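Q: File name upload38.json; file contents JSON, C-alpha atoms and all ligand atoms; full text below.
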```json
[["chain", "number", "residue", "atom", "x", "y", "z"],
["W", 17, "MET", "CA", 85.65, 54.06, 84.54],
["W", 18, "ALA", "CA", 83.02, 51.80, 86.16],
["W", 19, "PRO", "CA", 79.70, 53.39, 87.11],
["W", 20, "ALA", "CA", 79.46, 54.43, 90.79],
["W", 21, "VAL", "CA", 76.63, 51.95, 91.47],
["W", 22, "THR", "CA", 78.77, 49.04, 90.31],
["W", 23, "VAL", "CA", 81.71, 50.20, 92.41],
["W", 24, "ALA", "CA", 79.49, 50.55, 95.51],
["W", 25, "HIS", "CA", 77.91, 47.16, 94.83],
["W", 26, "ARG", "CA", 81.32, 45.53, 94.48],
["W", 27, "ALA", "CA", 82.55, 47.16, 97.70],
["W", 28, "ARG", "CA", 79.49, 45.89, 99.57],
["W", 29, "ARG", "CA", 79.96, 42.39, 98.21],
["W", 30, "ARG", "CA", 83.57, 42.49, 99.37],
["W", 31, "HIS", "CA", 82.46, 43.67, 102.84],
["W", 32, "THR", "CA", 79.84, 40.92, 102.97],
["W", 33, "GLU", "CA", 82.43, 38.27, 102.16],
["W", 34, "CYS", "CA", 84.94, 39.70, 104.66],
["W", 35, "VAL", "CA", 82.40, 39.72, 107.49],
["W", 36, "LEU", "CA", 81.20, 36.17, 106.71],
["W", 37, "VAL", "CA", 84.75, 34.81, 106.43],
["W", 38, "ALA", "CA", 85.75, 36.49, 109.70],
["W", 39, "LEU", "CA", 82.68, 35.06, 111.47],
["W", 40, "ARG", "CA", 83.43, 31.61, 110.08],
["W", 41, "THR", "CA", 86.93, 31.91, 111.56],
["W", 42, "VAL", "CA", 86.14, 33.34, 115.00],
["W", 43, "ARG", "CA", 82.71, 31.57, 115.25],
["W", 44, "ARG", "CA", 81.17, 34.34, 117.33],
["W", 45, "ALA", "CA", 82.03, 37.97, 117.96],
["W", 46, "THR", "CA", 80.74, 41.41, 118.84],
["W", 47, "VAL", "CA", 80.84, 44.11, 116.16],
["W", 48, "GLN", "CA", 83.96, 45.53, 117.89],
["W", 49, "GLU", "CA", 85.68, 42.12, 117.89],
["W", 50, "LEU", "CA", 84.79, 41.59, 114.22],
["W", 51, "TYR", "CA", 86.16, 45.04, 113.42],
["W", 52, "ARG", "CA", 89.43, 44.27, 115.27],
["W", 53, "THR", "CA", 89.69, 40.86, 113.51],
["W", 54, "LEU", "CA", 89.24, 42.43, 110.07],
["W", 55, "ARG", "CA", 91.64, 45.31, 110.79],
["W", 56, "SER", "CA", 94.34, 43.01, 112.12],
["W", 57, "ALA", "CA", 93.98, 40.94, 108.94],
["W", 58, "GLY", "CA", 94.85, 44.10, 106.99],
["W", 59, "ASP", "CA", 91.33, 45.06, 105.88],
["W", 60, "PRO", "CA", 90.93, 48.88, 105.90],
["W", 61, "ILE", "CA", 87.19, 48.55, 106.69],
["W", 62, "SER", "CA", 85.70, 51.12, 109.10],
["W", 63, "LEU", "CA", 83.83, 50.31, 112.31],
["W", 64, "SER", "CA", 80.63, 51.90, 110.95],
["W", 65, "THR", "CA", 80.85, 49.75, 107.80],
["W", 66, "VAL", "CA", 81.25, 46.58, 109.91],
["W", 67, "TYR", "CA", 78.29, 47.68, 112.04],
["W", 68, "ARG", "CA", 76.11, 48.39, 108.98],
["W", 69, "GLU", "CA", 77.13, 45.20, 107.18],
["W", 70, "VAL", "CA", 76.55, 42.97, 110.22],
["W", 71, "HIS", "CA", 73.07, 44.44, 110.76],
["W", 72, "ARG", "CA", 72.23, 44.12, 107.07],
["W", 73, "LEU", "CA", 73.28, 40.45, 107.19],
["W", 74, "VAL", "CA", 71.17, 39.90, 110.32],
["W", 75, "ALA", "CA", 68.16, 41.44, 108.52],
["W", 76, "VAL", "CA", 68.52, 39.04, 105.58],
["W", 77, "GLY", "CA", 69.13, 36.01, 107.83],
["W", 78, "ARG", "CA", 72.76, 35.33, 106.93],
["W", 79, "VAL", "CA", 74.09, 36.28, 110.37],
["W", 80, "ARG", "CA", 72.51, 35.52, 113.68],
["W", 81, "GLU", "CA", 72.29, 37.97, 116.59],
["W", 82, "VAL", "CA", 72.26, 36.81, 120.20],
["W", 83, "VAL", "CA", 71.54, 39.53, 122.73],
["W", 84, "LEU", "CA", 73.47, 39.14, 125.99],
["W", 85, "PRO", "CA", 73.49, 41.39, 129.07],
["W", 86, "GLY", "CA", 76.80, 42.95, 127.91],
["W", 87, "GLY", "CA", 75.65, 43.52, 124.33],
["W", 88, "ALA", "CA", 74.97, 41.58, 121.15],
["W", 89, "VAL", "CA", 77.10, 38.73, 119.80],
["W", 90, "TYR", "CA", 76.99, 37.65, 116.17],
["W", 91, "LEU", "CA", 77.44, 34.21, 114.66],
["W", 92, "LEU", "CA", 76.54, 32.31, 111.54],
["W", 93, "PRO", "CA", 73.16, 30.55, 111.45],
["W", 94, "GLY", "CA", 73.37, 26.93, 112.54],
["W", 95, "ASP", "CA", 72.47, 24.89, 115.56],
["W", 96, "ASP", "CA", 70.01, 25.79, 118.27],
["W", 97, "LEU", "CA", 71.64, 27.66, 121.11],
["W", 98, "PHE", "CA", 71.52, 27.71, 124.86],
["W", 99, "VAL", "CA", 72.56, 31.14, 126.17],
["W", 100, "CYS", "CA", 73.48, 31.83, 129.79],
["W", 101, "ASP", "CA", 72.22, 35.32, 130.60],
["W", 102, "GLU", "CA", 74.61, 35.54, 133.59],
["W", 103, "CYS", "CA", 78.02, 34.83, 132.05],
["W", 104, "GLY", "CA", 77.25, 34.97, 128.33],
["W", 105, "ARG", "CA", 78.21, 31.34, 127.72],
["W", 106, "ILE", "CA", 76.75, 30.04, 124.47],
["W", 107, "GLU", "CA", 76.36, 26.31, 123.80],
["W", 108, "GLU", "CA", 75.13, 24.72, 120.60],
["W", 109, "VAL", "CA", 72.30, 22.37, 121.52],
["W", 110, "PRO", "CA", 70.34, 20.55, 118.82],
["W", 111, "LEU", "CA", 66.72, 20.73, 119.97],
["W", 112, "ARG", "CA", 64.90, 19.16, 117.02],
["W", 113, "ARG", "CA", 62.43, 21.99, 117.12],
["W", 114, "VAL", "CA", 60.87, 21.81, 113.65],
["W", 115, "ALA", "CA", 58.78, 18.70, 114.37],
["W", 116, "VAL", "CA", 57.56, 20.24, 117.63],
["W", 117, "ILE", "CA", 56.59, 23.48, 115.90],
["W", 118, "GLN", "CA", 54.79, 21.65, 113.11],
["W", 119, "ASP", "CA", 52.88, 19.52, 115.63],
["W", 120, "ALA", "CA", 51.71, 22.74, 117.24],
["W", 121, "ASP", "CA", 50.21, 23.94, 113.94],
["W", 122, "PHE", "CA", 52.69, 26.77, 113.45],
["W", 123, "PHE", "CA", 54.41, 27.69, 110.25],
["W", 124, "ALA", "CA", 58.12, 28.02, 111.00],
["W", 125, "GLN", "CA", 59.86, 31.05, 109.53],
["W", 126, "THR", "CA", 63.19, 30.64, 111.29],
["W", 127, "GLU", "CA", 65.04, 27.37, 111.52],
["W", 128, "THR", "CA", 66.93, 27.94, 114.74],
["W", 129, "LEU", "CA", 66.01, 28.51, 118.33],
["W", 130, "THR", "CA", 67.76, 30.38, 121.12],
["W", 131, "VAL", "CA", 66.99, 29.32, 124.68],
["W", 132, "HIS", "CA", 67.99, 31.80, 127.40],
["W", 133, "GLY", "CA", 68.68, 30.80, 130.99],
["W", 134, "ARG", "CA", 71.49, 30.15, 133.48],
["W", 135, "CYS", "CA", 74.32, 27.65, 133.01],
["W", 136, "THR", "CA", 75.23, 25.18, 135.77],
["W", 137, "ASP", "CA", 78.30, 27.24, 136.79],
["W", 138, "CYS", "CA", 76.14, 30.33, 137.37],
["W", 139, "ASP", "CA", 73.42, 28.34, 139.10],
["W", 140, "ARG", "CA", 75.71, 27.21, 141.95],
["W", 201, "ZN", "ZN", 76.70, 31.08, 133.10]]
```
Rewrite the structure of this file - the entire thing - as structure tokens.

A:
Amino acid sequence: MAPAVTVAHRARRRHTECVLVALRTVRRATVQELYRTLRSAGDPISLSTVYREVHRLVAVGRVREVVLPGGAVYLLPGDDLFVCDECGRIEEVPLRRVAVIQDADFFAQTETLTVHGRCTDCDR
């Protein structure tokens, strides 16, 4: 029989992979949506495990959290984002931020930027 630590480690690695694969497929989702995606794919994962795993992945920088008025949405790290705080629309907008940050004498620790505001539809 495998030691308990190894079994737990393997289970966590499987959960990590499942969450990352699901996010790659749906592109962005709430914890609830991720949970429903994984369950409908036949994964017996629990909602609390999805919640814990997503937050662990956010803490280590493998998943990105965008806070919207209705709650948080999760996606894989990538382009800079424009987020409409009215309707929750998220657009990927390359902002070429690193050069700007370096010119300002800052040391960049994150490689992506999230700009919050209102989209043109909500601004009418
Ligand atoms: Zn909007």

Q: Can you pull out the residues contacting W:Gly86? Cut-off 12 Å, using all atoms listed in the file, and skip same-chain residues under 4 positions away; I want them as number ranges by chain.

A: W: 46, 82, 100-105

Q: Those same residues - C-alpha atoms - I'd like them written as a tab-separated table (two decimals), in the coordinates of the input.

A:
```tsv
chain	number	residue	atom	x	y	z
W	46	THR	CA	80.74	41.41	118.84
W	82	VAL	CA	72.26	36.81	120.20
W	100	CYS	CA	73.48	31.83	129.79
W	101	ASP	CA	72.22	35.32	130.60
W	102	GLU	CA	74.61	35.54	133.59
W	103	CYS	CA	78.02	34.83	132.05
W	104	GLY	CA	77.25	34.97	128.33
W	105	ARG	CA	78.21	31.34	127.72
```

Q: Given the choices W:Pro93, W:Cys138, W:Gln48, W:Arg80, which gets closest to W:Thr65 if the distance is worked out from all atoms listed in the file?

A: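 Comparing W:Pro93, W:Cys138, W:Gln48, W:Arg80 against W:Thr65, the winner is W:Gln48.
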
Q: Just the number, please: distance in Å from atom CA of W:Glu69 to atom CA of W:Pro110, one decimal.

A: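 Going from atom CA of W:Glu69 over to atom CA of W:Pro110, I get 28.1 Å.
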
Q: At a cut-off of 9 Å, using only C-alpha atoms, what residues contact W:Leu63? Leave out same-chain residues fewer than 6 positions from it and give the result as a PyMOL selection string.

A: chain W and resi 47-48+50-52

Q: Given the choices W:Val76, W:Cys34, W:Val131, W:Ala88, which gets closest to W:Pro60 if the distance is worked out from only C-alpha atoms?

A: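 Using only C-alpha atoms, the shortest distance to W:Pro60 belongs to W:Cys34.
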
Q: Just how far from atom CA of W:Asp121 is atom CA of W:Asp96, in Å to one decimal?

A: 20.4 Å

Q: Considering all atoms listed in the file, state which residue in the set W:Ser62, W:Arg55, W:Gly133, W:Leu92 is at the smallest distance from W:Arg43.

A: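 Closest candidate: W:Leu92.
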
Q: One decimal, in Å: what's the spacing between atom CA of W:Gly77 and atom CA of W:Ala24?

A: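 A separation of 21.7 Å between them.
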
Q: What are the centre and the three edge lengths of an axis-aligned box that wraps all atoms of stretch 77-94 of chain W in the file, given that 5 Å is added to every side, written as lines of an AutoDock Vina configuration file and rounded to one decimal in Å?

A:
```
center_x = 73.3
center_y = 35.2
center_z = 118.0
size_x = 18.3
size_y = 26.6
size_z = 32.1
```

Q: Looking at W:Ala27, W:Leu84, W:Ala20, W:Val74, which one is nearest to ligand ZN 201 (chain W), with distances taken over only C-alpha atoms and all ligand atoms?

A: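 Looking at the shortest contact to ligand ZN 201 (chain W), the residue is W:Leu84.
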
Q: Kindly indicate which residue among W:Ala38, W:Ile61, W:Val83, W:Leu73 lies nearest to W:Val99, using only C-alpha atoms for the distances.

A: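 Closest residue, counting only C-alpha atoms: W:Val83.
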
Q: Of the candidates W:Arg134, W:Arg68, W:Arg28, W:Arg140, which one gets nearest to ligand ZN 201 (chain W) if we count only C-alpha atoms and all ligand atoms?

A: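 Looking at the shortest contact to ligand ZN 201 (chain W), the residue is W:Arg134.
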
Q: With the input short on atoms, add all heavy atoms back to stretch 62-73 of chain W and write it as a PDB file, in the frame of the given file.

A:
```pdb
ATOM      1  N   SER W  62      85.967  50.268 107.941  1.00  0.00           N
ATOM      2  CA  SER W  62      85.700  51.120 109.100  1.00  0.00           C
ATOM      3  C   SER W  62      84.725  50.428 110.052  1.00  0.00           C
ATOM      4  O   SER W  62      83.983  49.530 109.644  1.00  0.00           O
ATOM      5  CB  SER W  62      85.121  52.468 108.661  1.00  0.00           C
ATOM      6  OG  SER W  62      83.800  52.276 108.177  1.00  0.00           O
ATOM      7  N   LEU W  63      84.732  50.894 111.308  1.00  0.00           N
ATOM      8  CA  LEU W  63      83.830  50.310 112.310  1.00  0.00           C
ATOM      9  C   LEU W  63      82.364  50.490 111.892  1.00  0.00           C
ATOM     10  O   LEU W  63      81.556  49.566 112.017  1.00  0.00           O
ATOM     11  CB  LEU W  63      84.082  50.947 113.678  1.00  0.00           C
ATOM     12  CG  LEU W  63      83.179  50.466 114.822  1.00  0.00           C
ATOM     13  CD1 LEU W  63      83.320  48.969 115.054  1.00  0.00           C
ATOM     14  CD2 LEU W  63      83.492  51.226 116.100  1.00  0.00           C
ATOM     15  N   SER W  64      82.029  51.664 111.345  1.00  0.00           N
ATOM     16  CA  SER W  64      80.630  51.900 110.950  1.00  0.00           C
ATOM     17  C   SER W  64      80.228  50.988 109.795  1.00  0.00           C
ATOM     18  O   SER W  64      79.085  50.553 109.713  1.00  0.00           O
ATOM     19  CB  SER W  64      80.405  53.379 110.596  1.00  0.00           C
ATOM     20  OG  SER W  64      81.212  53.746 109.515  1.00  0.00           O
ATOM     21  N   THR W  65      81.158  50.669 108.905  1.00  0.00           N
ATOM     22  CA  THR W  65      80.850  49.750 107.800  1.00  0.00           C
ATOM     23  C   THR W  65      80.613  48.342 108.343  1.00  0.00           C
ATOM     24  O   THR W  65      79.686  47.654 107.913  1.00  0.00           O
ATOM     25  CB  THR W  65      81.984  49.735 106.756  1.00  0.00           C
ATOM     26  OG1 THR W  65      82.152  51.063 106.264  1.00  0.00           O
ATOM     27  CG2 THR W  65      81.674  48.808 105.604  1.00  0.00           C
ATOM     28  N   VAL W  66      81.448  47.911 109.303  1.00  0.00           N
ATOM     29  CA  VAL W  66      81.250  46.580 109.910  1.00  0.00           C
ATOM     30  C   VAL W  66      79.881  46.536 110.580  1.00  0.00           C
ATOM     31  O   VAL W  66      79.107  45.599 110.380  1.00  0.00           O
ATOM     32  CB  VAL W  66      82.366  46.254 110.942  1.00  0.00           C
ATOM     33  CG1 VAL W  66      82.086  44.921 111.631  1.00  0.00           C
ATOM     34  CG2 VAL W  66      83.727  46.212 110.264  1.00  0.00           C
ATOM     35  N   TYR W  67      79.571  47.590 111.330  1.00  0.00           N
ATOM     36  CA  TYR W  67      78.290  47.680 112.040  1.00  0.00           C
ATOM     37  C   TYR W  67      77.120  47.574 111.047  1.00  0.00           C
ATOM     38  O   TYR W  67      76.211  46.773 111.217  1.00  0.00           O
ATOM     39  CB  TYR W  67      78.236  49.007 112.803  1.00  0.00           C
ATOM     40  CG  TYR W  67      77.027  49.158 113.666  1.00  0.00           C
ATOM     41  CD1 TYR W  67      77.003  48.679 114.974  1.00  0.00           C
ATOM     42  CD2 TYR W  67      75.880  49.778 113.175  1.00  0.00           C
ATOM     43  CE1 TYR W  67      75.890  48.809 115.766  1.00  0.00           C
ATOM     44  CE2 TYR W  67      74.749  49.911 113.958  1.00  0.00           C
ATOM     45  CZ  TYR W  67      74.764  49.431 115.252  1.00  0.00           C
ATOM     46  OH  TYR W  67      73.642  49.554 116.025  1.00  0.00           O
ATOM     47  N   ARG W  68      77.175  48.384 109.988  1.00  0.00           N
ATOM     48  CA  ARG W  68      76.110  48.390 108.980  1.00  0.00           C
ATOM     49  C   ARG W  68      75.985  47.031 108.287  1.00  0.00           C
ATOM     50  O   ARG W  68      74.901  46.505 108.105  1.00  0.00           O
ATOM     51  CB  ARG W  68      76.411  49.454 107.916  1.00  0.00           C
ATOM     52  CG  ARG W  68      75.675  50.759 108.085  1.00  0.00           C
ATOM     53  CD  ARG W  68      75.623  51.561 106.790  1.00  0.00           C
ATOM     54  NE  ARG W  68      76.836  51.509 106.008  1.00  0.00           N
ATOM     55  CZ  ARG W  68      77.882  52.314 106.186  1.00  0.00           C
ATOM     56  NH1 ARG W  68      77.840  53.240 107.123  1.00  0.00           N
ATOM     57  NH2 ARG W  68      78.952  52.209 105.437  1.00  0.00           N
ATOM     58  N   GLU W  69      77.130  46.465 107.921  1.00  0.00           N
ATOM     59  CA  GLU W  69      77.130  45.200 107.180  1.00  0.00           C
ATOM     60  C   GLU W  69      76.587  44.062 108.050  1.00  0.00           C
ATOM     61  O   GLU W  69      75.796  43.243 107.586  1.00  0.00           O
ATOM     62  CB  GLU W  69      78.552  44.895 106.685  1.00  0.00           C
ATOM     63  CG  GLU W  69      78.632  43.727 105.734  1.00  0.00           C
ATOM     64  CD  GLU W  69      77.752  43.870 104.492  1.00  0.00           C
ATOM     65  OE1 GLU W  69      77.441  45.015 104.082  1.00  0.00           O
ATOM     66  OE2 GLU W  69      77.366  42.833 103.940  1.00  0.00           O
ATOM     67  N   VAL W  70      77.024  44.019 109.312  1.00  0.00           N
ATOM     68  CA  VAL W  70      76.550  42.970 110.220  1.00  0.00           C
ATOM     69  C   VAL W  70      75.028  43.065 110.371  1.00  0.00           C
ATOM     70  O   VAL W  70      74.310  42.065 110.273  1.00  0.00           O
ATOM     71  CB  VAL W  70      77.254  43.055 111.591  1.00  0.00           C
ATOM     72  CG1 VAL W  70      76.528  42.215 112.637  1.00  0.00           C
ATOM     73  CG2 VAL W  70      78.708  42.608 111.478  1.00  0.00           C
ATOM     74  N   HIS W  71      74.517  44.276 110.564  1.00  0.00           N
ATOM     75  CA  HIS W  71      73.070  44.440 110.760  1.00  0.00           C
ATOM     76  C   HIS W  71      72.287  44.144 109.481  1.00  0.00           C
ATOM     77  O   HIS W  71      71.177  43.626 109.540  1.00  0.00           O
ATOM     78  CB  HIS W  71      72.765  45.817 111.344  1.00  0.00           C
ATOM     79  CG  HIS W  71      73.146  45.877 112.792  1.00  0.00           C
ATOM     80  ND1 HIS W  71      74.427  46.193 113.204  1.00  0.00           N
ATOM     81  CD2 HIS W  71      72.456  45.575 113.909  1.00  0.00           C
ATOM     82  CE1 HIS W  71      74.476  46.108 114.518  1.00  0.00           C
ATOM     83  NE2 HIS W  71      73.309  45.737 114.975  1.00  0.00           N
ATOM     84  N   ARG W  72      72.884  44.459 108.341  1.00  0.00           N
ATOM     85  CA  ARG W  72      72.230  44.120 107.070  1.00  0.00           C
ATOM     86  C   ARG W  72      72.158  42.587 106.927  1.00  0.00           C
ATOM     87  O   ARG W  72      71.136  42.036 106.538  1.00  0.00           O
ATOM     88  CB  ARG W  72      73.021  44.724 105.896  1.00  0.00           C
ATOM     89  CG  ARG W  72      72.291  44.679 104.564  1.00  0.00           C
ATOM     90  CD  ARG W  72      73.180  45.135 103.426  1.00  0.00           C
ATOM     91  NE  ARG W  72      74.253  44.177 103.147  1.00  0.00           N
ATOM     92  CZ  ARG W  72      74.080  43.039 102.479  1.00  0.00           C
ATOM     93  NH1 ARG W  72      72.898  42.720 102.015  1.00  0.00           N
ATOM     94  NH2 ARG W  72      75.101  42.223 102.269  1.00  0.00           N
ATOM     95  N   LEU W  73      73.245  41.907 107.288  1.00  0.00           N
ATOM     96  CA  LEU W  73      73.280  40.450 107.190  1.00  0.00           C
ATOM     97  C   LEU W  73      72.321  39.789 108.178  1.00  0.00           C
ATOM     98  O   LEU W  73      71.741  38.747 107.891  1.00  0.00           O
ATOM     99  CB  LEU W  73      74.724  39.940 107.381  1.00  0.00           C
ATOM    100  CG  LEU W  73      75.669  40.237 106.207  1.00  0.00           C
ATOM    101  CD1 LEU W  73      77.117  39.996 106.592  1.00  0.00           C
ATOM    102  CD2 LEU W  73      75.298  39.402 104.991  1.00  0.00           C
TER     103      LEU W  73
END
```
